[in-house]
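Accompanying notes for the structure given below.
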Amino acid sequence: MPGDKVAKGSDDMMIDEHEQKQVNAVDGFNSQYLKIYYGKLFPYEEIFKWMSYANDGKHPACDQSYFGRREFSFTLDNDVYLRYKTFISVSELENSIKEKCPVKIDIGPVYNIDPAKRHSYAQNGCYPEERELIFDIDMSDYDDVRYCCSGADVCLECWPLMTIAIKVIDTALREDFGFSHILWVYSGRRGVHCWVCDGKARRLTNELRTAIADYFRVYKANENSHKKVSLMGPALHPFLVRSYTEVLKDFFEKKLLSSQKIFSTEERYEKILDMIPDESITSELRGKWQENRRTSSAKEDINVARWEQLKHLLQSGKQKMQGLRRCVEEIVFSYTYPRLDMEVSKHMNHLLKAPFCVHPKTGRVCVPIDPKRCEEFDPTGVPTLSTLFEELNNGGLRPEADNERDRTSLGKSIRFFQSSFLEPLVKSCKEEMISSYNAKLQQSKLQQSKNVLAAI
């Protein structure tokens with residue numbers, strides 16, 4: 001079905017602003033490669049099955065209109081955005097993508113009606129009914145705490161910040177909120193996206209989505225504030241304690257201190273001293289560091305040595321103020337805690353880039369990330385259009401595979417998507433659907449029996 005052309009900056013179009021800039025060809029990306037990718041490799045069946053949530057079967061409880069009420073958005077290479085694209089079948093989705101060859105595909109909510117026909121209804125007659133709970137984490141939001149890169153640039157020294165974000169958020173979603181079906185996806189350039197797909201997550205209201213987003217809110221200050229994080233109260237929330245003790249503290253001390261050389265220059269350590277409210281302590285530390293009077297071995301990393309000096313002063317017995325003792329934790333949180341784009345998570349009508357898209361700036365495929373092994377993920381090693389094209393031309397990495405997709409490096413990512421995410425999700429959706437249907441059926445039979453008895 002035809003979608004609406006939307007000019008850039010339209011008020012009702014909620015797509016990540018970083019992704020709305022004009023697309024230019026880069027190494028590994030061009031329209032011919034993209035056509036081949038959509039023609040031979042893109043996982044249409046898997047995307048359709050995911051977005052159907054078991055409503056593509058023949059069970060009486062299946063909602064055959066479900067997939068057709070899902071909004072898709074295409075970004076074309078001439079900077080035209082097509083919104084409210086809807087499809088009734090996987091073949092229709094596939095044919096449209098192959099025809100339009102979009103440089104980006106965004107996925108929106110499931111509406112109460114087909115959103116492509118919304119103009120046929122009253123002004124407020126079309127509204128989002130379901131939508132995955134989503135999270136968007138962008139590396140450029142960490143520019144004040146990384147010194148190896150900035151903006152859209154990412155390297156293996158700063159990427160672990162994304163790894164830590166995945167660990168913290170994924171654990172909380174599963175242990176604190178009880179969600180099970182969670183998909184993490186590399187954005188293709190400088191960040192990660194999270195899709196929480198449990199039925200109870202898809203049906204959350206905007207108010208409940210906002211409450212969950214606020215649960216994760218720690219990084220609150222504006223960019224001009226010295227103190228980015230304030231951990232208030234006599235004790236930390238158990239979620240923050242777990243994040244700090246199990247993930248953040250070790251990462252900061254064993255990895256980030258040295259990889260980002262946080263205390264190596266006066267400009268850098270002054271940023272940390274600004275977070276300490278006691279001038280006598282900051283003056284003492286500044287004096288030590290400026291004179292380079294170190295109590296540790298000359299062979300020891302200066303960043304580690306200065307951090308230990310700071311901790312010793314702040315956590316020593318003479319520091320009675322809880323605020324000073326809490327400073328160590330606040331510094332660690334400021335440098336390591338996940339920085340979410342809160343607005344993305346709060347609203348059902350926000351669109352998010354589809355998995356297995358190709359980023360037009362890098363040519364990299366937006367592949368899933370295994371949260372259990374996220375520290376092994378290398379953003380520079382994901383499949384690109386050019387490498388996939390070469391693999392196809394050379395007969396593939398696995399010539400014995402049954403299809404072209406499995407012969408390329410993309411096959412591994414799609415197989416992970418199927419086995420670790422899609423199959424358990426569909427199984428759960430079917431069980432939930434059948435259980436709900438049987439419960440309603442039983443309730444209906446009981447009501448009929450009551451009506452019969454009442455009539456006697």
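Each chain in the structure tokens gets a letter, A, B and so on, in the order shown; residues start at 1 in every chain, and ligands are counted from 1 in the order they appear.
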
Can you list, as a count of residues only, every protein, DNA or RNA residue that comes within 9 Å of A:Cys126 when you count only C-alpha atoms, leaving out same-chain residues fewer than 3 positions away? 11

Do you know which residues are at most 9 Å from stretch 229-244 of chain A counting only C-alpha atoms, after dropping those on the same chain fewer than 6 positions away, and could you put them as a PDB file with N, CA and C atoms, in the first residue's frame?
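Resulting contents of selection-v9.pdb:
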ATOM      1  N   LYS A 167      24.831  -4.742  29.259  1.00  0.00           N
ATOM      2  CA  LYS A 167      24.816  -5.580  30.458  1.00  0.00           C
ATOM      3  C   LYS A 167      23.900  -5.004  31.542  1.00  0.00           C
ATOM      4  N   VAL A 168      24.000  -3.712  31.770  1.00  0.00           N
ATOM      5  CA  VAL A 168      23.203  -3.084  32.833  1.00  0.00           C
ATOM      6  C   VAL A 168      21.718  -3.109  32.510  1.00  0.00           C
ATOM      7  N   THR A 171      20.122  -6.839  32.144  1.00  0.00           N
ATOM      8  CA  THR A 171      19.919  -7.487  33.439  1.00  0.00           C
ATOM      9  C   THR A 171      18.704  -6.922  34.161  1.00  0.00           C
ATOM     10  N   ALA A 172      18.558  -5.611  34.134  1.00  0.00           N
ATOM     11  CA  ALA A 172      17.425  -4.979  34.816  1.00  0.00           C
ATOM     12  C   ALA A 172      16.101  -5.347  34.155  1.00  0.00           C
ATOM     13  N   ASP A 176      14.473  -7.263  37.032  1.00  0.00           N
ATOM     14  CA  ASP A 176      13.630  -6.313  37.756  1.00  0.00           C
ATOM     15  C   ASP A 176      12.221  -6.209  37.182  1.00  0.00           C
ATOM     16  N   VAL A 218      19.527   8.101  35.656  1.00  0.00           N
ATOM     17  CA  VAL A 218      20.540   8.480  36.635  1.00  0.00           C
ATOM     18  C   VAL A 218      21.312   9.678  36.116  1.00  0.00           C
ATOM     19  N   TYR A 219      21.618   9.625  34.832  1.00  0.00           N
ATOM     20  CA  TYR A 219      22.360  10.705  34.175  1.00  0.00           C
ATOM     21  C   TYR A 219      21.362  11.817  33.861  1.00  0.00           C
ATOM     22  N   LYS A 220      21.292  12.820  34.738  1.00  0.00           N
ATOM     23  CA  LYS A 220      20.216  13.806  34.656  1.00  0.00           C
ATOM     24  C   LYS A 220      20.679  15.214  34.323  1.00  0.00           C
ATOM     25  N   ALA A 221      21.896  15.535  34.619  1.00  0.00           N
ATOM     26  CA  ALA A 221      22.328  16.933  34.510  1.00  0.00           C
ATOM     27  C   ALA A 221      22.511  17.360  33.062  1.00  0.00           C
ATOM     28  N   ASP A 250      34.161  -2.359  38.307  1.00  0.00           N
ATOM     29  CA  ASP A 250      35.285  -3.080  37.701  1.00  0.00           C
ATOM     30  C   ASP A 250      35.621  -2.543  36.319  1.00  0.00           C
ATOM     31  N   GLN A 322      28.257  11.822  54.226  1.00  0.00           N
ATOM     32  CA  GLN A 322      27.871  10.765  53.297  1.00  0.00           C
ATOM     33  C   GLN A 322      28.063  11.217  51.856  1.00  0.00           C
ATOM     34  N   GLY A 323      27.834  12.496  51.591  1.00  0.00           N
ATOM     35  CA  GLY A 323      27.969  13.023  50.235  1.00  0.00           C
ATOM     36  C   GLY A 323      29.363  12.835  49.678  1.00  0.00           C
ATOM     37  N   ARG A 326      29.926   9.194  48.856  1.00  0.00           N
ATOM     38  CA  ARG A 326      29.137   8.851  47.670  1.00  0.00           C
ATOM     39  C   ARG A 326      29.775   9.399  46.394  1.00  0.00           C
ATOM     40  N   CYS A 327      30.716  10.332  46.537  1.00  0.00           N
ATOM     41  CA  CYS A 327      31.359  10.936  45.365  1.00  0.00           C
ATOM     42  C   CYS A 327      32.039   9.898  44.474  1.00  0.00           C
ATOM     43  N   GLU A 329      31.229   6.789  43.946  1.00  0.00           N
ATOM     44  CA  GLU A 329      30.203   6.113  43.145  1.00  0.00           C
ATOM     45  C   GLU A 329      29.663   7.041  42.058  1.00  0.00           C
ATOM     46  N   GLU A 330      29.473   8.318  42.411  1.00  0.00           N
ATOM     47  CA  GLU A 330      28.937   9.262  41.430  1.00  0.00           C
ATOM     48  C   GLU A 330      29.895   9.462  40.253  1.00  0.00           C
ATOM     49  N   ILE A 331      31.176   9.470  40.523  1.00  0.00           N
ATOM     50  CA  ILE A 331      32.161   9.615  39.447  1.00  0.00           C
ATOM     51  C   ILE A 331      32.097   8.402  38.524  1.00  0.00           C
ATOM     52  N   VAL A 332      32.033   7.205  39.117  1.00  0.00           N
ATOM     53  CA  VAL A 332      31.966   5.979  38.315  1.00  0.00           C
ATOM     54  C   VAL A 332      30.697   5.974  37.463  1.00  0.00           C
ATOM     55  N   PHE A 333      29.569   6.325  38.054  1.00  0.00           N
ATOM     56  CA  PHE A 333      28.308   6.373  37.303  1.00  0.00           C
ATOM     57  C   PHE A 333      28.384   7.405  36.182  1.00  0.00           C
ATOM     58  N   SER A 334      28.985   8.545  36.458  1.00  0.00           N
ATOM     59  CA  SER A 334      29.070   9.606  35.454  1.00  0.00           C
ATOM     60  C   SER A 334      29.817   9.157  34.209  1.00  0.00           C
ATOM     61  N   TYR A 337      27.708   4.778  33.332  1.00  0.00           N
ATOM     62  CA  TYR A 337      26.297   4.372  33.334  1.00  0.00           C
ATOM     63  C   TYR A 337      25.644   4.645  31.972  1.00  0.00           C
TER      64      TYR A 337
END

Two-atom distance - atom CA of A:Glu157, atom CA of A:Phe356 (Å):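 One can read the atom CA of A:Glu157 to atom CA of A:Phe356 distance as 25.0 Å.
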
Nearest-residue call for A:Phe74, choices A:Lys353, A:Arg325, A:Lys361, A:Lys49, using only C-alpha atoms: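 For A:Phe74, the nearest of the given residues is A:Lys353.
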
Using DSSP on the backbone coordinates, identify the residues of stretch 219-376 of chain A assigned to strand (DSSP E); present them as a compact mmCIF listing (two decimals) with C-alpha atoms, in the first residue's frame.
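The result, written out as part_32.txt:
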# COMPACT_ATOMS: atom_id res chain seq x y z
CA LEU A 352 13.21 2.73 15.18
CA LYS A 353 15.51 1.34 12.52
CA PRO A 368 21.78 -8.66 16.47
CA ILE A 369 24.09 -8.74 19.51

I need the residue nearest A:Glu390 from this list: A:Ala439, A:Glu94, A:Ser259, A:Arg407. Use only C-alpha atoms for the distance.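 Nearest candidate to A:Glu390 out of A:Ala439, A:Glu94, A:Ser259, A:Arg407: A:Arg407.
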
If you count only C-alpha atoms, which residues fall within 10 Å of A:Thr265, apart from same-chain ones fewer than 3 positions away, as number ranges by chain? A: 261-262, 268-270, 289-290, 303

Keeping N, CA, C and O atoms for every residue in the selection just given, could you write it to a file as a PDB file, in the first residue's frame?
ATOM      1  N   LYS A 261      42.518   7.172  29.619  1.00  0.00           N
ATOM      2  CA  LYS A 261      43.535   8.015  30.284  1.00  0.00           C
ATOM      3  C   LYS A 261      42.874   9.197  31.000  1.00  0.00           C
ATOM      4  O   LYS A 261      43.182  10.364  30.790  1.00  0.00           O
ATOM      5  N   ILE A 262      41.948   8.857  31.856  1.00  0.00           N
ATOM      6  CA  ILE A 262      41.058   9.833  32.475  1.00  0.00           C
ATOM      7  C   ILE A 262      41.787  10.848  33.372  1.00  0.00           C
ATOM      8  O   ILE A 262      41.352  11.998  33.501  1.00  0.00           O
ATOM      9  N   ARG A 268      41.727  16.899  32.069  1.00  0.00           N
ATOM     10  CA  ARG A 268      40.878  15.738  32.314  1.00  0.00           C
ATOM     11  C   ARG A 268      40.618  15.526  33.804  1.00  0.00           C
ATOM     12  O   ARG A 268      39.486  15.275  34.205  1.00  0.00           O
ATOM     13  N   TYR A 269      41.657  15.628  34.629  1.00  0.00           N
ATOM     14  CA  TYR A 269      41.389  15.373  36.039  1.00  0.00           C
ATOM     15  C   TYR A 269      40.653  16.527  36.707  1.00  0.00           C
ATOM     16  O   TYR A 269      39.976  16.330  37.725  1.00  0.00           O
ATOM     17  N   GLU A 270      40.722  17.723  36.140  1.00  0.00           N
ATOM     18  CA  GLU A 270      39.939  18.833  36.695  1.00  0.00           C
ATOM     19  C   GLU A 270      38.440  18.569  36.563  1.00  0.00           C
ATOM     20  O   GLU A 270      37.643  19.002  37.396  1.00  0.00           O
ATOM     21  N   TRP A 289      48.924  16.130  42.329  1.00  0.00           N
ATOM     22  CA  TRP A 289      49.015  15.766  40.920  1.00  0.00           C
ATOM     23  C   TRP A 289      49.832  16.780  40.117  1.00  0.00           C
ATOM     24  O   TRP A 289      50.540  16.403  39.194  1.00  0.00           O
ATOM     25  N   GLN A 290      49.709  18.025  40.483  1.00  0.00           N
ATOM     26  CA  GLN A 290      50.482  19.041  39.760  1.00  0.00           C
ATOM     27  C   GLN A 290      51.972  18.901  40.030  1.00  0.00           C
ATOM     28  O   GLN A 290      52.809  19.141  39.170  1.00  0.00           O
ATOM     29  N   ASN A 303      46.954   6.940  35.848  1.00  0.00           N
ATOM     30  CA  ASN A 303      45.496   7.054  35.993  1.00  0.00           C
ATOM     31  C   ASN A 303      45.006   6.217  37.175  1.00  0.00           C
ATOM     32  O   ASN A 303      44.172   6.665  37.962  1.00  0.00           O
TER      33      ASN A 303
END

Among stretch 90-190 of chain A, which residues does DSSP mark as helix (DSSP H, G or I) when it is run on the backbone? Keep the chain and numbering as in the structure and answer as JSON, numbers by chain. {"A": [90, 91, 92, 93, 94, 95, 96, 97, 98, 99, 100, 115, 116, 117, 118, 119, 120, 139, 140, 141, 142, 160, 161, 162, 163, 164, 165, 166, 167, 168, 169, 170, 171, 172, 173, 174, 175]}

A:Val154: which residues within 8 Å, counting only C-alpha atoms, same-chain residues fewer than 5 positions away excluded, as a list of chain:residue names?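 Everything that qualifies: A:Met139, A:Cys149, A:Trp159, A:Arg189, A:Arg190.
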
Go ahead and write the residues just picked, C-alpha atoms, as a tab-separated table (two decimals), in the first residue's frame.
chain	number	residue	atom	x	y	z
A	139	MET	CA	27.94	6.70	21.55
A	149	CYS	CA	36.83	9.51	19.49
A	159	TRP	CA	32.93	0.63	22.23
A	189	ARG	CA	27.57	2.91	13.25
A	190	ARG	CA	27.81	4.28	16.78

Excluding A:Leu385 and its own-chain neighbours fewer than 2 positions away, which residues fall within 10 Å of it when counting only C-alpha atoms? Please give them as an mmCIF file with N, CA and C atoms, in the first residue's frame.
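Wrote it out as around-v2.cif, contents follow:
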data_model
loop_
_atom_site.group_PDB
_atom_site.id
_atom_site.type_symbol
_atom_site.label_atom_id
_atom_site.label_comp_id
_atom_site.auth_asym_id
_atom_site.auth_seq_id
_atom_site.Cartn_x
_atom_site.Cartn_y
_atom_site.Cartn_z
ATOM 1 N N ASP A 27 32.535 3.975 1.010
ATOM 2 C CA ASP A 27 33.143 2.691 0.726
ATOM 3 C C ASP A 27 32.273 1.591 1.320
ATOM 4 N N GLY A 28 31.973 0.606 0.514
ATOM 5 C CA GLY A 28 31.164 -0.499 0.999
ATOM 6 C C GLY A 28 29.684 -0.266 0.858
ATOM 7 N N PHE A 29 29.263 0.876 0.379
ATOM 8 C CA PHE A 29 27.826 1.139 0.227
ATOM 9 C C PHE A 29 27.558 1.820 -1.109
ATOM 10 N N ASN A 30 26.689 1.213 -1.883
ATOM 11 C CA ASN A 30 26.143 1.879 -3.065
ATOM 12 C C ASN A 30 24.828 1.211 -3.426
ATOM 13 N N GLN A 32 23.704 -0.298 -6.043
ATOM 14 C CA GLN A 32 23.737 -1.606 -6.699
ATOM 15 C C GLN A 32 23.960 -2.721 -5.682
ATOM 16 N N TYR A 33 24.884 -2.497 -4.739
ATOM 17 C CA TYR A 33 25.098 -3.477 -3.679
ATOM 18 C C TYR A 33 23.813 -3.670 -2.872
ATOM 19 N N LEU A 34 23.131 -2.560 -2.593
ATOM 20 C CA LEU A 34 21.910 -2.629 -1.789
ATOM 21 C C LEU A 34 20.827 -3.442 -2.492
ATOM 22 N N ILE A 36 21.294 -5.886 -4.563
ATOM 23 C CA ILE A 36 21.682 -7.286 -4.438
ATOM 24 C C ILE A 36 21.373 -7.807 -3.036
ATOM 25 N N TYR A 37 21.650 -6.977 -2.043
ATOM 26 C CA TYR A 37 21.389 -7.361 -0.654
ATOM 27 C C TYR A 37 19.900 -7.644 -0.448
ATOM 28 N N VAL A 358 21.027 -1.746 6.407
ATOM 29 C CA VAL A 358 22.430 -1.425 6.160
ATOM 30 C C VAL A 358 22.627 0.064 6.427
ATOM 31 N N HIS A 359 23.592 0.398 7.272
ATOM 32 C CA HIS A 359 23.810 1.816 7.572
ATOM 33 C C HIS A 359 24.437 2.496 6.357
ATOM 34 N N PRO A 360 23.818 3.563 5.864
ATOM 35 C CA PRO A 360 24.293 4.197 4.636
ATOM 36 C C PRO A 360 25.623 4.933 4.771
ATOM 37 N N THR A 362 28.228 3.686 6.726
ATOM 38 C CA THR A 362 29.308 2.713 6.956
ATOM 39 C C THR A 362 29.205 1.484 6.072
ATOM 40 N N GLY A 363 28.015 1.214 5.548
ATOM 41 C CA GLY A 363 27.814 -0.009 4.790
ATOM 42 C C GLY A 363 27.679 -1.228 5.677
ATOM 43 N N ARG A 364 27.653 -1.051 6.992
ATOM 44 C CA ARG A 364 27.556 -2.176 7.921
ATOM 45 C C ARG A 364 26.104 -2.596 8.130
ATOM 46 N N VAL A 365 25.902 -3.898 8.258
ATOM 47 C CA VAL A 365 24.568 -4.438 8.506
ATOM 48 C C VAL A 365 24.254 -4.334 9.998
ATOM 49 N N PRO A 383 29.289 -7.845 9.137
ATOM 50 C CA PRO A 383 29.197 -7.892 7.676
ATOM 51 C C PRO A 383 28.890 -6.516 7.083
ATOM 52 N N THR A 387 31.695 -6.641 1.706
ATOM 53 C CA THR A 387 32.189 -7.985 2.037
ATOM 54 C C THR A 387 31.175 -9.053 1.643
ATOM 55 N N LEU A 388 29.887 -8.761 1.826
ATOM 56 C CA LEU A 388 28.852 -9.717 1.435
ATOM 57 C C LEU A 388 28.845 -9.912 -0.078
ATOM 58 N N PHE A 389 29.033 -8.823 -0.802
ATOM 59 C CA PHE A 389 29.081 -8.892 -2.266
ATOM 60 C C PHE A 389 30.259 -9.767 -2.710
ATOM 61 N N GLU A 390 31.410 -9.580 -2.059
ATOM 62 C CA GLU A 390 32.583 -10.389 -2.378
ATOM 63 C C GLU A 390 32.338 -11.863 -2.054
ATOM 64 N N GLU A 391 31.719 -12.127 -0.925
ATOM 65 C CA GLU A 391 31.436 -13.508 -0.531
ATOM 66 C C GLU A 391 30.497 -14.191 -1.517
#

Please provide as a PyMOL selection string all residues within 12 Å of A:Lys200, with the sequence filter that same-chain residues fewer than 6 positions apart are discarded (counting only C-alpha atoms). chain A and resi 130-133+177-181+208-209+429+432

Now that the selection is made, can you save its residues with N, CA and C atoms as an mmCIF file, in the first residue's frame?
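Final file, part_36.cif:
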data_model
loop_
_atom_site.group_PDB
_atom_site.id
_atom_site.type_symbol
_atom_site.label_atom_id
_atom_site.label_comp_id
_atom_site.auth_asym_id
_atom_site.auth_seq_id
_atom_site.Cartn_x
_atom_site.Cartn_y
_atom_site.Cartn_z
ATOM 1 N N GLU A 130 -0.275 -1.060 19.938
ATOM 2 C CA GLU A 130 0.816 -1.878 20.479
ATOM 3 C C GLU A 130 2.136 -1.380 19.935
ATOM 4 N N ARG A 131 3.191 -1.598 20.736
ATOM 5 C CA ARG A 131 4.524 -1.238 20.269
ATOM 6 C C ARG A 131 5.551 -1.831 21.222
ATOM 7 N N GLU A 132 6.599 -2.402 20.692
ATOM 8 C CA GLU A 132 7.666 -2.914 21.539
ATOM 9 C C GLU A 132 8.209 -1.782 22.420
ATOM 10 N N LEU A 133 8.642 -2.141 23.620
ATOM 11 C CA LEU A 133 9.359 -1.184 24.459
ATOM 12 C C LEU A 133 10.769 -1.097 23.891
ATOM 13 N N PHE A 177 12.093 -6.396 35.864
ATOM 14 C CA PHE A 177 10.779 -6.251 35.226
ATOM 15 C C PHE A 177 10.211 -7.569 34.705
ATOM 16 N N GLY A 178 11.009 -8.618 34.689
ATOM 17 C CA GLY A 178 10.500 -9.926 34.292
ATOM 18 C C GLY A 178 10.311 -10.128 32.805
ATOM 19 N N PHE A 179 10.949 -9.317 31.977
ATOM 20 C CA PHE A 179 10.851 -9.501 30.528
ATOM 21 C C PHE A 179 11.788 -10.616 30.076
ATOM 22 N N SER A 180 11.413 -11.311 29.022
ATOM 23 C CA SER A 180 12.200 -12.445 28.535
ATOM 24 C C SER A 180 12.676 -12.287 27.104
ATOM 25 N N HIS A 181 11.842 -11.687 26.256
ATOM 26 C CA HIS A 181 12.116 -11.665 24.819
ATOM 27 C C HIS A 181 12.690 -10.304 24.423
ATOM 28 N N LEU A 208 3.292 4.154 31.419
ATOM 29 C CA LEU A 208 4.104 3.081 31.981
ATOM 30 C C LEU A 208 5.476 3.015 31.320
ATOM 31 N N ARG A 209 5.527 3.324 30.040
ATOM 32 C CA ARG A 209 6.828 3.379 29.358
ATOM 33 C C ARG A 209 7.696 4.481 29.974
ATOM 34 N N CYS A 429 4.401 -16.665 22.257
ATOM 35 C CA CYS A 429 3.205 -15.969 21.755
ATOM 36 C C CYS A 429 2.075 -16.956 21.482
ATOM 37 N N GLU A 432 0.637 -18.140 24.823
ATOM 38 C CA GLU A 432 -0.169 -17.080 25.427
ATOM 39 C C GLU A 432 -1.501 -16.928 24.691
#

What lies within 12 Å of A:Ser65 using only C-alpha atoms, ignoring chain neighbours under 6 positions off, as a ChimeraX atom specification? /A:51-57,86-89,110-115

Using N, CA and C atoms, can you write the selected residues to a file as a CSV table (one decimal), in the first residue's frame?
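Result file follows (result-v4.csv):
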chain,number,residue,atom,x,y,z
A,51,MET,N,7.2,-9.7,13.4
A,51,MET,CA,6.3,-8.7,13.6
A,51,MET,C,4.8,-9.2,13.6
A,52,SER,N,4.6,-10.5,13.3
A,52,SER,CA,3.3,-11.1,13.3
A,52,SER,C,2.9,-11.6,14.7
A,53,TYR,N,3.9,-11.9,15.5
A,53,TYR,CA,3.7,-12.4,16.9
A,53,TYR,C,2.7,-13.5,16.9
A,54,ALA,N,2.9,-14.5,16.0
A,54,ALA,CA,2.1,-15.7,15.9
A,54,ALA,C,0.7,-15.5,15.4
A,55,ASN,N,0.4,-14.3,14.9
A,55,ASN,CA,-0.9,-14.0,14.3
A,55,ASN,C,-1.0,-14.4,12.8
A,56,ASP,N,0.1,-15.1,12.3
A,56,ASP,CA,0.1,-15.5,10.9
A,56,ASP,C,-0.3,-17.0,10.8
A,57,GLY,N,-0.8,-17.6,11.9
A,57,GLY,CA,-1.2,-19.0,11.8
A,57,GLY,C,-2.7,-19.1,11.5
A,86,THR,N,2.2,0.1,4.9
A,86,THR,CA,1.7,-1.1,5.5
A,86,THR,C,1.6,-2.2,4.5
A,87,PHE,N,1.6,-3.5,5.0
A,87,PHE,CA,1.7,-4.6,4.1
A,87,PHE,C,0.8,-5.7,4.7
A,88,ILE,N,0.2,-6.5,3.9
A,88,ILE,CA,-0.7,-7.6,4.4
A,88,ILE,C,0.0,-8.9,4.4
A,89,SER,N,1.1,-9.0,3.7
A,89,SER,CA,1.8,-10.3,3.6
A,89,SER,C,3.3,-10.1,3.5
A,110,VAL,N,1.9,-0.8,16.0
A,110,VAL,CA,0.7,-1.4,15.4
A,110,VAL,C,-0.5,-0.5,15.8
A,111,TYR,N,-1.2,0.0,14.8
A,111,TYR,CA,-2.3,0.9,15.1
A,111,TYR,C,-3.6,0.1,15.2
A,112,ASN,N,-4.6,0.8,15.7
A,112,ASN,CA,-5.9,0.2,15.8
A,112,ASN,C,-6.6,-0.1,14.5
A,113,ILE,N,-6.2,0.7,13.4
A,113,ILE,CA,-6.6,0.5,12.1
A,113,ILE,C,-5.4,0.5,11.2
A,114,ASP,N,-5.6,0.2,9.9
A,114,ASP,CA,-4.5,0.4,8.9
A,114,ASP,C,-4.2,1.8,8.8
A,115,PRO,N,-3.0,2.2,9.3
A,115,PRO,CA,-2.6,3.6,9.3
A,115,PRO,C,-2.5,4.3,7.9
